[in-house]
>>> print(open('work.cif').read())   # mmCIF, C-alpha atoms
data_work
#
loop_
_atom_site.label_atom_id
_atom_site.label_comp_id
_atom_site.auth_asym_id
_atom_site.auth_seq_id
_atom_site.Cartn_x
_atom_site.Cartn_y
_atom_site.Cartn_z
CA MET P 7 30.40 17.26 9.58
CA ALA P 8 32.53 14.83 7.50
CA GLU P 9 31.83 12.27 10.21
CA ASP P 10 28.10 12.92 9.88
CA ALA P 11 28.24 12.64 6.10
CA ARG P 12 30.10 9.32 6.37
CA HIS P 13 27.54 8.09 8.87
CA PHE P 14 24.69 9.08 6.58
CA ALA P 15 26.30 7.43 3.56
CA GLY P 16 26.74 4.24 5.58
CA GLU P 17 23.11 4.27 6.70
CA LEU P 18 21.89 4.83 3.16
CA GLU P 19 24.07 1.98 1.89
CA GLU P 20 22.69 -0.32 4.57
CA LEU P 21 19.12 0.70 3.64
CA VAL P 22 19.66 -0.14 -0.02
CA ALA P 23 21.38 -3.42 0.89
CA ARG P 24 18.39 -4.47 2.97
CA LEU P 25 16.01 -3.49 0.23
CA LEU P 26 17.93 -5.68 -2.22
CA TYR P 27 17.91 -8.56 0.23
CA MET P 28 14.17 -8.09 0.62
CA GLY P 29 13.84 -8.08 -3.16
CA SER P 30 15.67 -11.39 -3.43
CA LEU P 31 13.45 -12.87 -0.71
CA ALA P 32 10.31 -11.64 -2.50
CA GLU P 33 11.49 -13.15 -5.77
CA GLU P 34 12.32 -16.42 -4.02
CA ARG P 35 8.82 -16.55 -2.60
CA VAL P 36 7.29 -16.16 -6.05
CA THR P 37 9.60 -18.91 -7.36
CA SER P 38 8.60 -21.14 -4.49
CA ALA P 39 4.88 -20.47 -4.98
CA MET P 40 5.16 -21.30 -8.69
CA ARG P 41 7.17 -24.44 -8.02
CA ALA P 42 4.61 -25.52 -5.42
CA LEU P 43 1.91 -25.06 -8.04
CA THR P 44 3.63 -26.80 -10.95
CA GLU P 45 4.91 -29.70 -8.81
CA ARG P 46 1.59 -29.92 -6.94
CA ASP P 47 3.54 -30.08 -3.71
CA PRO P 48 1.31 -29.58 -0.63
CA ALA P 49 4.20 -29.19 1.83
CA ARG P 50 5.76 -26.44 -0.24
CA ILE P 51 2.37 -24.77 -0.64
CA GLU P 52 1.95 -24.61 3.14
CA ASP P 53 5.49 -23.22 3.46
CA VAL P 54 4.66 -20.44 1.02
CA ILE P 55 1.38 -19.60 2.74
CA SER P 56 2.84 -19.46 6.23
CA GLY P 57 6.29 -18.12 5.33
CA ASP P 58 5.58 -14.40 5.16
CA ARG P 59 7.25 -13.51 8.43
CA ALA P 60 10.78 -12.64 7.23
CA LEU P 61 9.46 -10.35 4.54
CA ASN P 62 7.05 -8.63 6.90
CA GLY P 63 9.85 -8.12 9.41
CA LEU P 64 12.02 -6.52 6.75
CA HIS P 65 9.10 -4.36 5.64
CA ILE P 66 8.82 -2.83 9.10
CA ASP P 67 12.59 -2.58 9.56
CA ILE P 68 13.13 -0.79 6.22
CA ASP P 69 10.24 1.58 6.77
CA ASP P 70 11.64 2.41 10.17
CA ARG P 71 15.09 3.08 8.67
CA CYS P 72 13.59 5.38 6.03
CA PHE P 73 11.70 7.30 8.67
CA LYS P 74 14.75 7.66 10.93
CA LEU P 75 16.90 8.82 8.03
CA LEU P 76 14.31 11.49 7.23
CA ALA P 77 13.95 12.50 10.87
CA LEU P 78 17.57 12.52 11.94
CA GLN P 79 19.60 13.21 8.81
CA GLN P 80 17.19 15.38 6.84
CA PRO P 81 18.62 14.36 3.48
CA VAL P 82 18.27 16.56 0.41
CA ALA P 83 18.34 16.23 -3.39
CA VAL P 84 19.18 12.78 -4.74
CA ASP P 85 19.70 11.33 -1.24
CA LEU P 86 16.19 12.37 -0.27
CA ARG P 87 14.86 10.84 -3.48
CA VAL P 88 16.64 7.57 -2.69
CA VAL P 89 15.08 7.44 0.80
CA VAL P 90 11.59 8.29 -0.47
CA ALA P 91 11.92 5.80 -3.34
CA SER P 92 13.17 3.13 -0.93
CA ALA P 93 10.10 3.54 1.24
CA LYS P 94 7.89 3.08 -1.80
CA ILE P 95 9.84 0.13 -3.19
CA ASN P 96 9.61 -1.42 0.28
CA GLY P 97 5.82 -1.29 0.01
CA ASP P 98 5.91 -2.87 -3.45
CA LEU P 99 8.13 -5.73 -2.27
CA GLU P 100 5.88 -6.41 0.68
CA ARG P 101 2.87 -6.63 -1.65
CA ILE P 102 4.78 -9.03 -3.91
CA GLY P 103 5.26 -11.24 -0.85
CA ASP P 104 1.51 -11.08 -0.17
CA LEU P 105 0.83 -12.02 -3.78
CA ALA P 106 3.08 -15.08 -3.41
CA VAL P 107 0.85 -16.07 -0.46
CA ASN P 108 -2.23 -15.50 -2.65
CA ILE P 109 -0.72 -17.75 -5.33
CA GLY P 110 -0.07 -20.38 -2.64
CA GLU P 111 -3.69 -20.18 -1.46
CA ALA P 112 -4.98 -20.63 -5.01
CA ALA P 113 -2.50 -23.49 -5.55
CA ARG P 114 -3.79 -25.21 -2.40
CA ARG P 115 -7.28 -25.26 -3.87
CA TYR P 116 -6.02 -26.08 -7.37
CA ILE P 117 -4.12 -29.28 -6.60
CA VAL P 118 -7.20 -30.92 -5.09
CA HIS P 119 -8.55 -31.20 -8.65
CA ARG P 120 -7.36 -32.89 -11.79
CA PRO P 121 -5.18 -30.49 -13.80
CA VAL P 122 -7.18 -28.44 -16.29
CA LYS P 123 -4.35 -28.31 -18.80
CA PRO P 124 -0.55 -28.35 -18.91
CA LEU P 125 0.72 -25.15 -17.33
CA ILE P 126 2.65 -23.23 -19.96
CA ASP P 127 1.50 -19.62 -20.11
CA ILE P 128 1.25 -19.17 -16.36
CA PRO P 129 4.88 -20.17 -15.69
CA ARG P 130 5.77 -17.95 -18.62
CA MET P 131 3.98 -15.02 -16.96
CA ALA P 132 5.81 -15.80 -13.72
CA GLY P 133 9.15 -15.80 -15.55
CA ILE P 134 8.45 -12.40 -17.09
CA ALA P 135 7.23 -10.90 -13.81
CA GLN P 136 10.27 -12.14 -11.93
CA GLU P 137 12.65 -10.88 -14.57
CA MET P 138 10.91 -7.50 -14.40
CA LEU P 139 11.40 -7.47 -10.64
CA ARG P 140 15.08 -8.38 -10.89
CA ASP P 141 15.73 -5.81 -13.60
CA ALA P 142 13.86 -3.09 -11.73
CA LEU P 143 15.97 -3.66 -8.63
CA ASP P 144 19.17 -3.78 -10.70
CA ALA P 145 18.11 -0.54 -12.35
CA PHE P 146 17.56 0.98 -8.90
CA VAL P 147 21.01 0.01 -7.61
CA GLU P 148 22.82 0.94 -10.80
CA ARG P 149 20.59 4.00 -11.37
CA ARG P 150 19.95 2.88 -14.93
CA VAL P 151 16.98 4.65 -16.45
CA ASP P 152 17.30 2.65 -19.71
CA LEU P 153 16.83 -0.64 -17.86
CA ALA P 154 13.95 0.84 -15.83
CA ARG P 155 12.19 1.83 -19.04
CA GLN P 156 12.63 -1.68 -20.43
CA VAL P 157 10.85 -3.00 -17.34
CA MET P 158 7.91 -0.64 -17.87
CA GLU P 159 7.57 -1.76 -21.49
CA ARG P 160 7.19 -5.41 -20.51
CA ASP P 161 4.09 -4.66 -18.44
CA GLU P 162 1.89 -4.75 -21.53
CA LEU P 163 3.11 -8.21 -22.50
CA LEU P 164 2.06 -9.49 -19.09
CA ASP P 165 -1.31 -7.84 -19.46
CA SER P 166 -2.00 -9.45 -22.83
CA LEU P 167 -0.89 -12.88 -21.57
CA LYS P 168 -3.31 -12.50 -18.68
CA ASP P 169 -6.18 -11.70 -21.08
CA GLN P 170 -5.25 -14.64 -23.30
CA ILE P 171 -5.20 -17.03 -20.31
CA PHE P 172 -8.54 -15.64 -19.15
CA ARG P 173 -10.21 -16.30 -22.50
CA GLU P 174 -8.73 -19.76 -22.85
CA LEU P 175 -9.73 -20.89 -19.36
CA LEU P 176 -13.24 -19.50 -19.80
CA THR P 177 -13.78 -21.88 -22.71
CA TYR P 178 -12.72 -24.81 -20.52
CA MET P 179 -15.07 -23.71 -17.73
CA ILE P 180 -18.03 -23.36 -20.05
CA ALA P 181 -17.33 -26.72 -21.71
CA ALA P 182 -16.87 -28.82 -18.57
CA ALA P 183 -18.23 -28.13 -15.10
CA ARG P 184 -15.45 -30.15 -13.47
CA THR P 185 -12.93 -27.56 -14.67
CA VAL P 186 -14.76 -24.59 -13.14
CA GLU P 187 -13.03 -24.61 -9.77
CA PRO P 188 -9.46 -25.30 -10.88
CA ALA P 189 -9.67 -23.01 -13.93
CA LEU P 190 -10.95 -20.22 -11.70
CA ASP P 191 -7.88 -20.58 -9.51
CA LEU P 192 -5.60 -20.42 -12.53
CA ILE P 193 -7.33 -17.21 -13.57
CA LEU P 194 -6.73 -15.78 -10.11
CA ILE P 195 -3.07 -16.85 -10.23
CA SER P 196 -2.58 -15.14 -13.59
CA ARG P 197 -4.01 -11.96 -12.04
CA HIS P 198 -1.65 -12.21 -9.08
CA LEU P 199 1.28 -12.54 -11.48
CA GLU P 200 0.12 -9.55 -13.48
CA ARG P 201 0.07 -7.55 -10.27
CA ILE P 202 3.61 -8.64 -9.44
CA GLY P 203 4.53 -7.13 -12.80
CA ASP P 204 2.67 -3.94 -11.82
CA HIS P 205 4.76 -3.68 -8.67
CA ALA P 206 7.97 -4.22 -10.66
CA THR P 207 6.77 -1.39 -12.91
CA ASN P 208 6.23 0.82 -9.85
CA ILE P 209 9.79 0.09 -8.77
CA ALA P 210 11.07 1.01 -12.23
CA GLU P 211 9.13 4.30 -12.10
CA ASN P 212 10.88 5.08 -8.84
CA VAL P 213 14.24 4.60 -10.56
CA VAL P 214 13.39 7.35 -13.04
CA PHE P 215 12.30 9.52 -10.12
CA VAL P 216 15.61 8.94 -8.30
CA VAL P 217 17.79 9.59 -11.33
CA GLU P 218 15.88 12.32 -13.13
CA GLY P 219 13.76 13.76 -10.35
CA VAL P 220 10.59 13.43 -12.41
CA ASP P 221 7.41 11.54 -11.80
CA VAL P 222 6.63 9.26 -14.74
CA ARG P 223 3.55 7.62 -13.29
CA HIS P 224 0.24 7.92 -15.10
CA HIS P 225 2.35 8.94 -18.10
CA ALA P 226 2.68 12.33 -16.43
CA GLY P 227 5.41 13.14 -18.89
CA ASP P 228 3.20 12.73 -21.95
CA MET S 3 11.13 31.72 12.07
CA ALA S 4 7.51 32.31 13.13
CA GLU S 5 6.81 33.18 9.52
CA ASP S 6 8.40 29.89 8.41
CA ALA S 7 6.39 27.93 10.95
CA ARG S 8 3.17 29.56 9.78
CA HIS S 9 4.08 28.82 6.19
CA PHE S 10 4.77 25.18 7.03
CA ALA S 11 1.50 24.82 8.96
CA GLY S 12 -0.37 26.27 6.00
CA GLU S 13 1.31 23.87 3.56
CA LEU S 14 0.56 20.90 5.79
CA GLU S 15 -3.07 21.96 6.09
CA GLU S 16 -3.33 22.26 2.32
CA LEU S 17 -1.77 18.80 1.92
CA VAL S 18 -4.31 17.21 4.26
CA ALA S 19 -7.18 19.10 2.59
CA ARG S 20 -6.16 17.74 -0.81
CA LEU S 21 -5.83 14.25 0.59
CA LEU S 22 -9.38 14.47 1.94
CA TYR S 23 -10.66 15.77 -1.37
CA MET S 24 -8.91 12.87 -3.09
CA GLY S 25 -10.51 10.50 -0.58
CA SER S 26 -13.98 11.83 -1.39
CA LEU S 27 -13.25 11.45 -5.12
CA ALA S 28 -12.06 7.87 -4.62
CA GLU S 29 -15.18 7.02 -2.63
CA GLU S 30 -17.36 8.64 -5.28
CA ARG S 31 -15.71 6.50 -7.94
CA VAL S 32 -16.47 3.33 -6.01
CA THR S 33 -20.08 4.48 -5.56
CA SER S 34 -20.33 5.20 -9.26
CA ALA S 35 -18.81 1.83 -10.23
CA MET S 36 -21.27 0.00 -7.97
CA ARG S 37 -24.22 2.00 -9.28
CA ALA S 38 -23.13 1.29 -12.84
CA LEU S 39 -23.08 -2.42 -11.98
CA THR S 40 -26.40 -2.61 -10.16
CA GLU S 41 -28.24 -0.39 -12.65
CA ARG S 42 -26.54 -2.15 -15.59
CA ASP S 43 -25.82 1.26 -17.05
CA PRO S 44 -23.31 1.11 -19.94
CA ALA S 45 -22.77 4.89 -20.13
CA ARG S 46 -21.92 5.08 -16.44
CA ILE S 47 -19.63 2.07 -16.79
CA GLU S 48 -17.66 3.83 -19.52
CA ASP S 49 -17.47 6.96 -17.38
CA VAL S 50 -16.00 4.96 -14.51
CA ILE S 51 -13.47 3.18 -16.72
CA SER S 52 -12.24 6.34 -18.41
CA GLY S 53 -12.62 8.74 -15.47
CA ASP S 54 -9.38 8.13 -13.62
CA ARG S 55 -7.69 11.34 -14.66
CA ALA S 56 -8.60 13.63 -11.75
CA LEU S 57 -7.52 11.06 -9.19
CA ASN S 58 -4.24 10.40 -11.01
CA GLY S 59 -3.55 14.12 -11.20
CA LEU S 60 -4.13 14.48 -7.46
CA HIS S 61 -1.90 11.47 -6.82
CA ILE S 62 1.03 13.17 -8.52
CA ASP S 63 0.25 16.57 -6.99
CA ILE S 64 0.06 15.21 -3.43
CA ASP S 65 3.19 13.13 -3.81
CA ASP S 66 4.98 16.18 -5.08
CA ARG S 67 3.77 18.24 -2.12
CA CYS S 68 4.96 15.58 0.32
CA PHE S 69 8.35 15.48 -1.31
CA LYS S 70 8.72 19.28 -1.31
CA LEU S 71 7.67 19.49 2.33
CA LEU S 72 10.36 16.94 3.19
CA ALA S 73 12.96 18.67 1.04
CA LEU S 74 12.32 22.29 1.97
CA GLN S 75 10.84 22.23 5.46
CA GLN S 76 12.52 19.16 6.93
CA PRO S 77 9.68 18.49 9.37
CA VAL S 78 10.24 16.54 12.57
CA ALA S 79 8.21 14.48 15.07
CA VAL S 80 4.47 14.40 14.48
CA ASP S 81 4.68 16.74 11.48
CA LEU S 82 7.10 14.37 9.79
CA ARG S 83 4.80 11.46 10.56
CA VAL S 84 1.85 13.33 9.00
CA VAL S 85 3.83 13.96 5.80
CA VAL S 86 5.07 10.36 5.58
CA ALA S 87 1.58 9.01 6.35
CA SER S 88 0.06 11.36 3.76
CA ALA S 89 2.37 9.99 1.07
CA LYS S 90 1.29 6.46 1.94
CA ILE S 91 -2.41 7.28 2.15
CA ASN S 92 -2.05 8.97 -1.22
CA GLY S 93 -0.87 5.67 -2.67
CA ASP S 94 -3.79 3.82 -1.10
CA LEU S 95 -6.33 6.28 -2.50
CA GLU S 96 -4.84 6.02 -5.96
CA ARG S 97 -5.13 2.22 -5.80
CA ILE S 98 -8.77 2.52 -4.70
CA GLY S 99 -9.37 4.58 -7.83
CA ASP S 100 -7.73 1.83 -9.92
CA LEU S 101 -9.94 -0.75 -8.23
CA ALA S 102 -13.03 1.29 -9.17
CA VAL S 103 -11.82 1.04 -12.78
CA ASN S 104 -11.36 -2.74 -12.34
CA ILE S 105 -14.93 -2.98 -11.03
CA GLY S 106 -16.09 -1.01 -14.07
CA GLU S 107 -14.24 -3.37 -16.42
CA ALA S 108 -15.83 -6.40 -14.77
CA ALA S 109 -19.24 -4.69 -14.86
CA ARG S 110 -18.82 -4.04 -18.58
CA ARG S 111 -18.43 -7.78 -19.16
CA TYR S 112 -21.11 -8.65 -16.60
CA ILE S 113 -24.01 -6.69 -18.05
CA VAL S 114 -23.73 -8.45 -21.41
CA HIS S 115 -25.15 -11.55 -19.69
CA ARG S 116 -28.36 -12.32 -17.90
CA PRO S 117 -27.98 -11.55 -14.18
CA VAL S 118 -26.77 -14.57 -12.21
CA LYS S 119 -28.69 -13.59 -9.10
CA PRO S 120 -29.97 -10.49 -7.33
CA LEU S 121 -26.99 -8.53 -6.07
CA ILE S 122 -27.20 -8.33 -2.30
CA ASP S 123 -23.89 -9.33 -0.72
CA ILE S 124 -21.74 -7.45 -3.22
CA PRO S 125 -23.42 -4.06 -2.59
CA ARG S 126 -23.17 -4.92 1.11
CA MET S 127 -19.42 -5.44 0.74
CA ALA S 128 -19.18 -2.14 -1.12
CA GLY S 129 -21.08 -0.37 1.67
CA ILE S 130 -18.72 -1.75 4.31
CA ALA S 131 -15.60 -0.95 2.30
CA GLN S 132 -16.74 2.61 1.67
CA GLU S 133 -17.64 3.15 5.30
CA MET S 134 -14.20 1.86 6.26
CA LEU S 135 -12.61 4.34 3.86
CA ARG S 136 -14.66 7.27 5.21
CA ASP S 137 -13.96 6.34 8.81
CA ALA S 138 -10.24 5.85 8.16
CA LEU S 139 -9.99 9.33 6.65
CA ASP S 140 -12.04 10.83 9.48
CA ALA S 141 -9.75 9.08 11.95
CA PHE S 142 -6.75 10.57 10.11
CA VAL S 143 -8.05 14.14 10.25
CA GLU S 144 -9.30 13.90 13.83
CA ARG S 145 -6.32 11.78 14.90
CA ARG S 146 -8.67 9.25 16.47
CA VAL S 147 -6.95 5.94 17.16
CA ASP S 148 -10.18 4.39 18.48
CA LEU S 149 -11.94 4.97 15.16
CA ALA S 150 -8.88 3.72 13.26
CA ARG S 151 -8.95 0.49 15.25
CA GLN S 152 -12.65 0.03 14.48
CA VAL S 153 -11.79 0.24 10.78
CA MET S 154 -9.13 -2.46 11.14
CA GLU S 155 -11.59 -4.76 12.87
CA ARG S 156 -14.06 -4.59 10.01
CA ASP S 157 -11.53 -6.02 7.57
CA GLU S 158 -12.33 -9.57 8.67
CA LEU S 159 -16.03 -9.14 7.98
CA LEU S 160 -15.20 -8.14 4.42
CA ASP S 161 -12.94 -11.14 4.07
CA SER S 162 -15.58 -13.60 5.22
CA LEU S 163 -18.21 -12.02 2.93
CA LYS S 164 -15.81 -12.44 0.03
CA ASP S 165 -15.34 -16.15 0.86
CA GLN S 166 -19.08 -16.64 1.18
CA ILE S 167 -19.72 -14.98 -2.19
CA PHE S 168 -16.98 -17.12 -3.76
CA ARG S 169 -18.53 -20.37 -2.53
CA GLU S 170 -22.04 -19.40 -3.54
CA LEU S 171 -21.06 -18.30 -7.04
CA LEU S 172 -19.01 -21.45 -7.56
CA THR S 173 -22.14 -23.55 -7.09
CA TYR S 174 -23.90 -21.49 -9.77
CA MET S 175 -20.99 -21.89 -12.15
CA ILE S 176 -20.83 -25.63 -11.70
CA ALA S 177 -24.58 -26.01 -12.08
CA ALA S 178 -25.06 -23.92 -15.22
CA ALA S 179 -22.47 -23.12 -17.88
CA ARG S 180 -24.29 -19.93 -18.86
CA THR S 181 -23.47 -18.47 -15.46
CA VAL S 182 -19.73 -19.11 -15.72
CA GLU S 183 -18.75 -15.80 -17.28
CA PRO S 184 -20.97 -13.45 -15.28
CA ALA S 185 -20.36 -15.28 -11.98
CA LEU S 186 -16.62 -15.07 -12.56
CA ASP S 187 -16.91 -11.31 -12.91
CA LEU S 188 -18.89 -11.06 -9.68
CA ILE S 189 -16.12 -13.04 -7.95
CA LEU S 190 -13.55 -10.61 -9.31
CA ILE S 191 -15.65 -7.64 -8.17
CA SER S 192 -15.91 -9.05 -4.64
CA ARG S 193 -12.11 -9.33 -4.63
CA HIS S 194 -11.72 -5.74 -5.75
CA LEU S 195 -14.03 -4.64 -2.93
CA GLU S 196 -12.07 -6.65 -0.40
CA ARG S 197 -8.93 -4.90 -1.56
CA ILE S 198 -10.58 -1.51 -1.15
CA GLY S 199 -11.13 -2.57 2.46
CA ASP S 200 -7.45 -3.53 2.70
CA HIS S 201 -6.47 -0.05 1.57
CA ALA S 202 -8.84 1.52 4.13
CA THR S 203 -7.12 -0.67 6.72
CA ASN S 204 -3.72 0.60 5.57
CA ILE S 205 -4.96 4.16 6.02
CA ALA S 206 -6.18 3.31 9.52
CA GLU S 207 -2.77 1.82 10.38
CA ASN S 208 -1.20 5.09 9.33
CA VAL S 209 -3.44 6.94 11.78
CA VAL S 210 -2.00 4.90 14.65
CA PHE S 211 1.47 5.64 13.33
CA VAL S 212 0.77 9.39 13.23
CA VAL S 213 -0.75 9.53 16.70
CA GLU S 214 1.31 6.98 18.60
CA GLY S 215 4.44 6.80 16.50
CA VAL S 216 4.23 3.00 16.32
CA ASP S 217 3.93 0.65 13.40
CA VAL S 218 0.93 -1.66 13.85
CA ARG S 219 1.20 -3.43 10.52
CA HIS S 220 1.68 -7.19 10.44
CA HIS S 221 0.53 -7.09 14.07
CA ALA S 222 3.98 -5.80 14.92
CA GLY S 223 2.67 -4.82 18.32
CA ASP S 224 1.65 -8.39 19.27
#
>>> encode(input="work.cif", output="structure tokens")
Amino acid sequence: MAEDARHFAGELEELVARLLYMGSLAEERVTSAMRALTERDPARIEDVISGDRALNGLHIDIDDRCFKLLALQQPVAVDLRVVVASAKINGDLERIGDLAVNIGEAARRYIVHRPVKPLIDIPRMAGIAQEMLRDALDAFVERRVDLARQVMERDELLDSLKDQIFRELLTYMIAAARTVEPALDLILISRHLERIGDHATNIAENVVFVVEGVDVRHHAGD
Amino acid sequence: MAEDARHFAGELEELVARLLYMGSLAEERVTSAMRALTERDPARIEDVISGDRALNGLHIDIDDRCFKLLALQQPVAVDLRVVVASAKINGDLERIGDLAVNIGEAARRYIVHRPVKPLIDIPRMAGIAQEMLRDALDAFVERRVDLARQVMERDELLDSLKDQIFRELLTYMIAAARTVEPALDLILISRHLERIGDHATNIAENVVFVVEGVDVRHHAGD
């Protein structure tokens, strides 16, 4: 039995390690997509668009590990919550990778045109979203509910930046037809970044679930 | 033991019944959002935007049931796959509800303006996405892999309709500044509908997982 428990602990550790690695890959892909956009670098854009394979492989591998842990080890209490939360976080990280591809696709269209305006708020949104992702994963590993709650609070900031960008770009589009296409892609990119923040928030909610065993989504606790 | 097994079967049945009820609610919300848009009905739009509560309540309830089944019954084999798949489908249905809200928000902005054009392709996309959702849930209940695969195949049709709508609306936006705002919202709506189709596809992939025990995401089987 002690042998079994050690084996289980090792498997759980490996699962979390892979999840963290996946998180760093997902963050890297967002960084790369944003750099491709700001530097207007077509080669990097193509790399981002076609480079989803490693993340997708990890997605399947981690899901498979979660399932096998449930099937073979039948964990309980906090261990079960860690496995269930890992499966969910895995889904969020995979979607963040998809959103990096979506940013790359919008960037590919964007760089064909003259820049609409200097990019300031969009990189700022990206910075916030990535910090949220990093903090949410740190909170998961360190089981820090305080840090998780800080992540959730930043979601609103991202939302209001997105609205501000939307309004600003609309005025450009209405004023000059040549800005319609590129401004539209910037609007889409700001929405992708907002959704990356949403996924970081989901991860943070899972941290509260792991530590406290309560579901804080939809403000269920209110 | 026979008592336990009966109890477990009953709980699993109840879980699937709630998931189906949630699916019908999610579909209804998409229908309502589309009707609000096409009929330009402000009261219905507000209902859609503020009417997420039932779906969110079910989301938490179903997740809780999945977790308790894992914790207390420790299911194995196909039963375990049904519970795991149910938790994932639950997440997809909740997101479809959110997307109905997003459609409502875009519709609220849209109806302030003169219509850009008669809405034909967007209701068509909605029809396809909703059919995919219905079929995916039917495939889940009836454990029909053939129907699940048909759902997955329709995802491409939705994608190409979305691209077609994007290109057409762009030409309007470039030609007439007054169409910029409403056309942008139609583009966003077409993207929300495409994502509803993506979630239906996720549900269909889970059906294959339940029945065959294999992961067909990211074309893992290729």
>>> interface_residues(input="work.cif", of="chain P", to="chain S", cutoff="7 Å", atoms="only C-alpha atoms", output="JSON, numbers by chain")
{"P": [62, 77, 80, 82, 179, 180, 183, 186, 224]}
>>> resolve_selection(input="work.cif", expression="the PyMOL selection byres ((chain P and resi 22) around 12)", output="PyMOL selection string")
chain P and resi 15-21+23-29+68-69+71-72+85+88-93+95-96+143-144+146-148
>>> resolve_selection(input="work.cif", expression="the PyMOL selection byres ((chain P and resi 197) around 12)", output="PyMOL selection string")
(chain P and resi 105-106+108-109+112+128+131-132+135+164-172+190-196+198-204) or (chain S and resi 104+190+193-194)
>>> residues_around(input="work.cif", residues="Ile209 (chain P)", least_positions_apart="3", cutoff="7 Å", atoms="all atoms listed in the file", output="list of chain:residue names")
P:Ile95, P:Ala142, P:His205, P:Ala206, P:Asn212, P:Val213
>>> atom_distance(input="work.cif", atom1="CA of Ala35 (chain S)", atom2="CA of Arg126 (chain S)")
13.9 Å
>>> atom_distance(input="work.cif", atom1="CA of Gly103 (chain P)", atom2="CA of Arg35 (chain P)")
6.6 Å
>>> atom_distance(input="work.cif", atom1="CA of Val36 (chain P)", atom2="CA of Asn204 (chain S)")
23.2 Å
>>> residues_near_point(input="work.cif", point="(5.9, -26.0, 0.3)", cutoff="9 Å", atoms="only C-alpha atoms", output="ChimeraX atom specification")
/P:38-39,41-42,47-55,110
>>> decode(input="work.cif", residues="region 194-198 of chain P", atoms="all heavy atoms", output="PDB file, in the first residue's frame")
ATOM      1  N   LEU P 194     -10.430  41.985 -33.475  1.00  0.00           N
ATOM      2  CA  LEU P 194     -10.476  40.538 -33.238  1.00  0.00           C
ATOM      3  C   LEU P 194      -9.344  40.115 -32.295  1.00  0.00           C
ATOM      4  O   LEU P 194      -9.549  39.311 -31.382  1.00  0.00           O
ATOM      5  CB  LEU P 194     -10.392  39.771 -34.566  1.00  0.00           C
ATOM      6  CG  LEU P 194     -11.611  39.936 -35.495  1.00  0.00           C
ATOM      7  CD1 LEU P 194     -11.389  39.177 -36.801  1.00  0.00           C
ATOM      8  CD2 LEU P 194     -12.895  39.445 -34.821  1.00  0.00           C
ATOM      9  N   ILE P 195      -8.152  40.682 -32.504  1.00  0.00           N
ATOM     10  CA  ILE P 195      -7.016  40.321 -31.642  1.00  0.00           C
ATOM     11  C   ILE P 195      -7.306  40.710 -30.190  1.00  0.00           C
ATOM     12  O   ILE P 195      -7.036  39.931 -29.269  1.00  0.00           O
ATOM     13  CB  ILE P 195      -5.713  40.986 -32.160  1.00  0.00           C
ATOM     14  CG1 ILE P 195      -5.285  40.312 -33.473  1.00  0.00           C
ATOM     15  CG2 ILE P 195      -4.596  40.888 -31.112  1.00  0.00           C
ATOM     16  CD1 ILE P 195      -4.167  41.016 -34.224  1.00  0.00           C
ATOM     17  N   SER P 196      -7.902  41.884 -29.986  1.00  0.00           N
ATOM     18  CA  SER P 196      -8.187  42.288 -28.607  1.00  0.00           C
ATOM     19  C   SER P 196      -9.194  41.325 -27.969  1.00  0.00           C
ATOM     20  O   SER P 196      -9.134  41.042 -26.769  1.00  0.00           O
ATOM     21  CB  SER P 196      -8.701  43.726 -28.555  1.00  0.00           C
ATOM     22  OG  SER P 196     -10.040  43.797 -29.014  1.00  0.00           O
ATOM     23  N   ARG P 197     -10.102  40.785 -28.793  1.00  0.00           N
ATOM     24  CA  ARG P 197     -11.059  39.804 -28.257  1.00  0.00           C
ATOM     25  C   ARG P 197     -10.378  38.481 -27.929  1.00  0.00           C
ATOM     26  O   ARG P 197     -10.735  37.814 -26.954  1.00  0.00           O
ATOM     27  CB  ARG P 197     -12.196  39.571 -29.257  1.00  0.00           C
ATOM     28  CG  ARG P 197     -13.047  40.817 -29.344  1.00  0.00           C
ATOM     29  CD  ARG P 197     -14.249  40.686 -30.219  1.00  0.00           C
ATOM     30  NE  ARG P 197     -15.107  41.801 -29.872  1.00  0.00           N
ATOM     31  CZ  ARG P 197     -16.262  41.691 -29.222  1.00  0.00           C
ATOM     32  NH1 ARG P 197     -16.754  40.522 -28.929  1.00  0.00           N
ATOM     33  NH2 ARG P 197     -16.949  42.760 -28.896  1.00  0.00           N
ATOM     34  N   HIS P 198      -9.414  38.092 -28.761  1.00  0.00           N
ATOM     35  CA  HIS P 198      -8.679  36.860 -28.454  1.00  0.00           C
ATOM     36  C   HIS P 198      -7.914  37.019 -27.130  1.00  0.00           C
ATOM     37  O   HIS P 198      -7.868  36.099 -26.319  1.00  0.00           O
ATOM     38  CB  HIS P 198      -7.704  36.526 -29.583  1.00  0.00           C
ATOM     39  CG  HIS P 198      -8.368  36.295 -30.915  1.00  0.00           C
ATOM     40  ND1 HIS P 198      -9.594  35.676 -31.028  1.00  0.00           N
ATOM     41  CD2 HIS P 198      -7.984  36.597 -32.181  1.00  0.00           C
ATOM     42  CE1 HIS P 198      -9.932  35.626 -32.318  1.00  0.00           C
ATOM     43  NE2 HIS P 198      -8.978  36.172 -33.032  1.00  0.00           N
TER      44      HIS P 198
END
